[in-house]
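K.L.:
Take this structure, written in structure tokens, and hold onto it; I'll ask about it next.
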Amino acid sequence: MRVLLFGLIAEKAGTDRLEMQAGSLDELRGMLAQRIQGLEALSHAIAVDRLIMHDDLPLTGDEEIAVLPPFAGG
């Protein structure tokens, strides 16, 4: 699945996208924490197919995942 990274998270990862495989969102969260140093300390949200997800869910590998830093605006 394609994992899109934004803002400071992309800077820490050294890229704005990753290709990863995980069977669940919790598994993916763990893999991202290992891949991106300091991610757990950064405020962020994870969107699956453009919907912010807070709980675990199964993943098929066809989803588009986005790791989003906090946004501000007006």
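Every chain in the structure tokens has a letter given in the order shown (A, B, ...), and although residue numbers restart at 1 in each chain, ligands are simply numbered from 1 in the order shown.
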List the spatial neighbours of stretch 38-50 of chain A as a short mmCIF file (atom, residue, chain, number, x, y, z; two decimals) with C-alpha atoms, in the first residue's frame - criterion: any atom at most 7 Å away, only C-alpha atoms, same-chain residues fewer than 5 positions off excluded.
P.N.:
```cif
data_model
loop_
_atom_site.label_atom_id
_atom_site.label_comp_id
_atom_site.auth_asym_id
_atom_site.auth_seq_id
_atom_site.Cartn_x
_atom_site.Cartn_y
_atom_site.Cartn_z
CA ALA A 33 7.20 3.93 14.29
CA GLU A 63 -5.74 1.44 0.65
CA GLU A 64 -4.14 4.86 0.42
CA ILE A 65 -2.69 5.77 3.81
CA ALA A 66 -1.73 9.32 4.82
CA VAL A 67 0.27 10.24 7.93
CA LEU A 68 -0.73 13.79 8.75
CA PRO A 69 0.84 16.32 11.11
CA PRO A 70 -1.46 18.81 12.85
#
```
K.L.:
Tell me which protein, DNA and RNA residues are within 10 Å of A:Thr60, counting only C-alpha atoms, leaving out same-chain ones fewer than 6 positions away, and put them as a list in words.
P.N.:
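Contacts, in chain order: Met1, Gln21, Ala22, Gly23 and Ser24 of chain A.
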K.L.:
Quick one: pick out all strand (DSSP E or B) residues within chain A from a backbone DSSP run and write them as a CSV table (one decimal) with N, CA and C atoms, in the first residue's frame.
P.N.:
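Dumped everything to out34.csv:
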```csv
chain,number,residue,atom,x,y,z
A,2,ARG,N,0.4,2.3,-0.5
A,2,ARG,CA,1.1,3.5,-0.6
A,2,ARG,C,0.8,4.3,0.7
A,3,VAL,N,1.9,4.8,1.4
A,3,VAL,CA,1.8,5.6,2.6
A,3,VAL,C,2.3,6.9,2.2
A,4,LEU,N,1.5,8.0,2.3
A,4,LEU,CA,1.9,9.3,2.0
A,4,LEU,C,2.3,10.0,3.3
A,5,LEU,N,3.4,10.8,3.3
A,5,LEU,CA,3.8,11.4,4.5
A,5,LEU,C,3.9,12.9,4.2
A,17,ARG,N,6.7,9.5,0.6
A,17,ARG,CA,5.9,8.3,0.4
A,17,ARG,C,6.7,7.1,0.7
A,18,LEU,N,6.0,6.1,1.1
A,18,LEU,CA,6.6,4.8,1.4
A,18,LEU,C,5.7,3.7,0.8
A,19,GLU,N,6.2,2.6,0.4
A,19,GLU,CA,5.4,1.4,0.0
A,19,GLU,C,5.6,0.4,1.2
A,24,SER,N,-3.0,-4.9,9.3
A,24,SER,CA,-3.9,-4.1,10.1
A,24,SER,C,-3.3,-2.7,10.3
A,45,ALA,N,-2.0,12.2,12.8
A,45,ALA,CA,-3.2,11.4,12.6
A,45,ALA,C,-2.9,10.5,11.4
A,46,ILE,N,-3.6,9.4,11.3
A,46,ILE,CA,-3.5,8.5,10.1
A,46,ILE,C,-4.8,8.4,9.5
A,47,ALA,N,-4.8,8.7,8.2
A,47,ALA,CA,-6.1,8.6,7.4
A,47,ALA,C,-6.0,7.4,6.4
A,48,VAL,N,-7.0,6.6,6.3
A,48,VAL,CA,-7.1,5.5,5.4
A,48,VAL,C,-8.2,5.9,4.4
A,51,LEU,N,-10.1,9.1,5.3
A,51,LEU,CA,-10.8,9.2,6.5
A,51,LEU,C,-9.9,9.0,7.7
A,52,ILE,N,-9.9,9.9,8.7
A,52,ILE,CA,-9.1,9.8,9.8
A,52,ILE,C,-9.5,8.6,10.6
A,53,MET,N,-8.6,7.7,11.0
A,53,MET,CA,-8.9,6.5,11.8
A,53,MET,C,-8.2,6.6,13.1
A,58,PRO,N,-8.7,-3.9,9.7
A,58,PRO,CA,-7.9,-4.8,8.8
A,58,PRO,C,-7.6,-4.0,7.5
A,64,GLU,N,-5.1,3.8,0.4
A,64,GLU,CA,-4.1,4.9,0.4
A,64,GLU,C,-4.1,5.4,1.9
A,65,ILE,N,-2.9,5.4,2.4
A,65,ILE,CA,-2.7,5.8,3.8
A,65,ILE,C,-2.0,7.1,3.8
A,66,ALA,N,-2.4,8.0,4.7
A,66,ALA,CA,-1.7,9.3,4.8
A,66,ALA,C,-1.4,9.5,6.3
A,67,VAL,N,-0.2,9.9,6.6
A,67,VAL,CA,0.3,10.2,7.9
A,67,VAL,C,0.4,11.8,8.0
A,68,LEU,N,-0.5,12.3,8.8
A,68,LEU,CA,-0.7,13.8,8.8
A,68,LEU,C,-0.3,14.5,10.0
```
K.L.:
Using only C-alpha atoms, determine which residues lie at most 10 Å from A:Ile36, disregarding the query and same-chain residues fewer than 6 positions distant; provide the list as a list in words.
P.N.:
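Returned residues: Ile9, Ala10, Glu11, Lys12, Ala13 and Gly14 of chain A.
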K.L.:
Restricting the output to C-alpha atoms, write the selected residues as a CSV table (one decimal), in the first residue's frame.
P.N.:
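Heads up, here's the output in part_8.csv:
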```
chain,number,residue,atom,x,y,z
A,9,ILE,CA,6.9,13.6,9.3
A,10,ALA,CA,8.1,13.5,5.7
A,11,GLU,CA,11.2,15.4,6.6
A,12,LYS,CA,12.1,12.9,9.4
A,13,ALA,CA,11.5,10.0,7.0
A,14,GLY,CA,13.5,11.6,4.2
```
K.L.:
Between atom CA of A:Thr15 and atom CA of A:Asp55, what is the distance in Å, rounded to a tenth?
P.N.:
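Interatomic distance here is 25.8 Å.
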K.L.:
Just the residues within 6 Å of A:Leu25, please, counting only C-alpha atoms, with nothing from its chain fewer than 3 positions along; format it as a ChimeraX atom specification.
P.N.:
/A:28,56-57
K.L.:
DSSP on the backbone: what in chain A comes out helix (DSSP H, G or I), as JSON, numbers by chain?
P.N.:
{"A": [7, 8, 9, 10, 11, 12, 13, 25, 26, 27, 28, 29, 30, 31, 32, 33, 34, 35, 39, 40, 41]}
K.L.:
Deliver the residues from the most recent selection as a file, using C-alpha atoms, as a PDB file, in the first residue's frame.
P.N.:
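Everything below was put into again22.pdb:
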```pdb
ATOM      1  CA  GLY A   7       5.224  18.034   6.791  1.00  0.00           C
ATOM      2  CA  LEU A   8       7.736  17.284   9.532  1.00  0.00           C
ATOM      3  CA  ILE A   9       6.924  13.571   9.296  1.00  0.00           C
ATOM      4  CA  ALA A  10       8.082  13.499   5.665  1.00  0.00           C
ATOM      5  CA  GLU A  11      11.205  15.436   6.631  1.00  0.00           C
ATOM      6  CA  LYS A  12      12.070  12.939   9.377  1.00  0.00           C
ATOM      7  CA  ALA A  13      11.474  10.008   7.008  1.00  0.00           C
ATOM      8  CA  LEU A  25      -3.706  -0.460  10.919  1.00  0.00           C
ATOM      9  CA  ASP A  26      -2.112  -1.232  14.291  1.00  0.00           C
ATOM     10  CA  GLU A  27       0.555  -3.321  12.541  1.00  0.00           C
ATOM     11  CA  LEU A  28       1.185  -0.448  10.139  1.00  0.00           C
ATOM     12  CA  ARG A  29       1.463   2.018  13.036  1.00  0.00           C
ATOM     13  CA  GLY A  30       4.175  -0.169  14.568  1.00  0.00           C
ATOM     14  CA  MET A  31       6.038  -0.446  11.277  1.00  0.00           C
ATOM     15  CA  LEU A  32       5.894   3.326  10.771  1.00  0.00           C
ATOM     16  CA  ALA A  33       7.202   3.933  14.295  1.00  0.00           C
ATOM     17  CA  GLN A  34      10.187   1.704  13.518  1.00  0.00           C
ATOM     18  CA  ARG A  35      10.803   3.312  10.120  1.00  0.00           C
ATOM     19  CA  LEU A  39       7.229   9.488  15.094  1.00  0.00           C
ATOM     20  CA  GLU A  40       5.642   8.424  18.386  1.00  0.00           C
ATOM     21  CA  ALA A  41       6.628  11.766  19.938  1.00  0.00           C
TER      22      ALA A  41
END
```
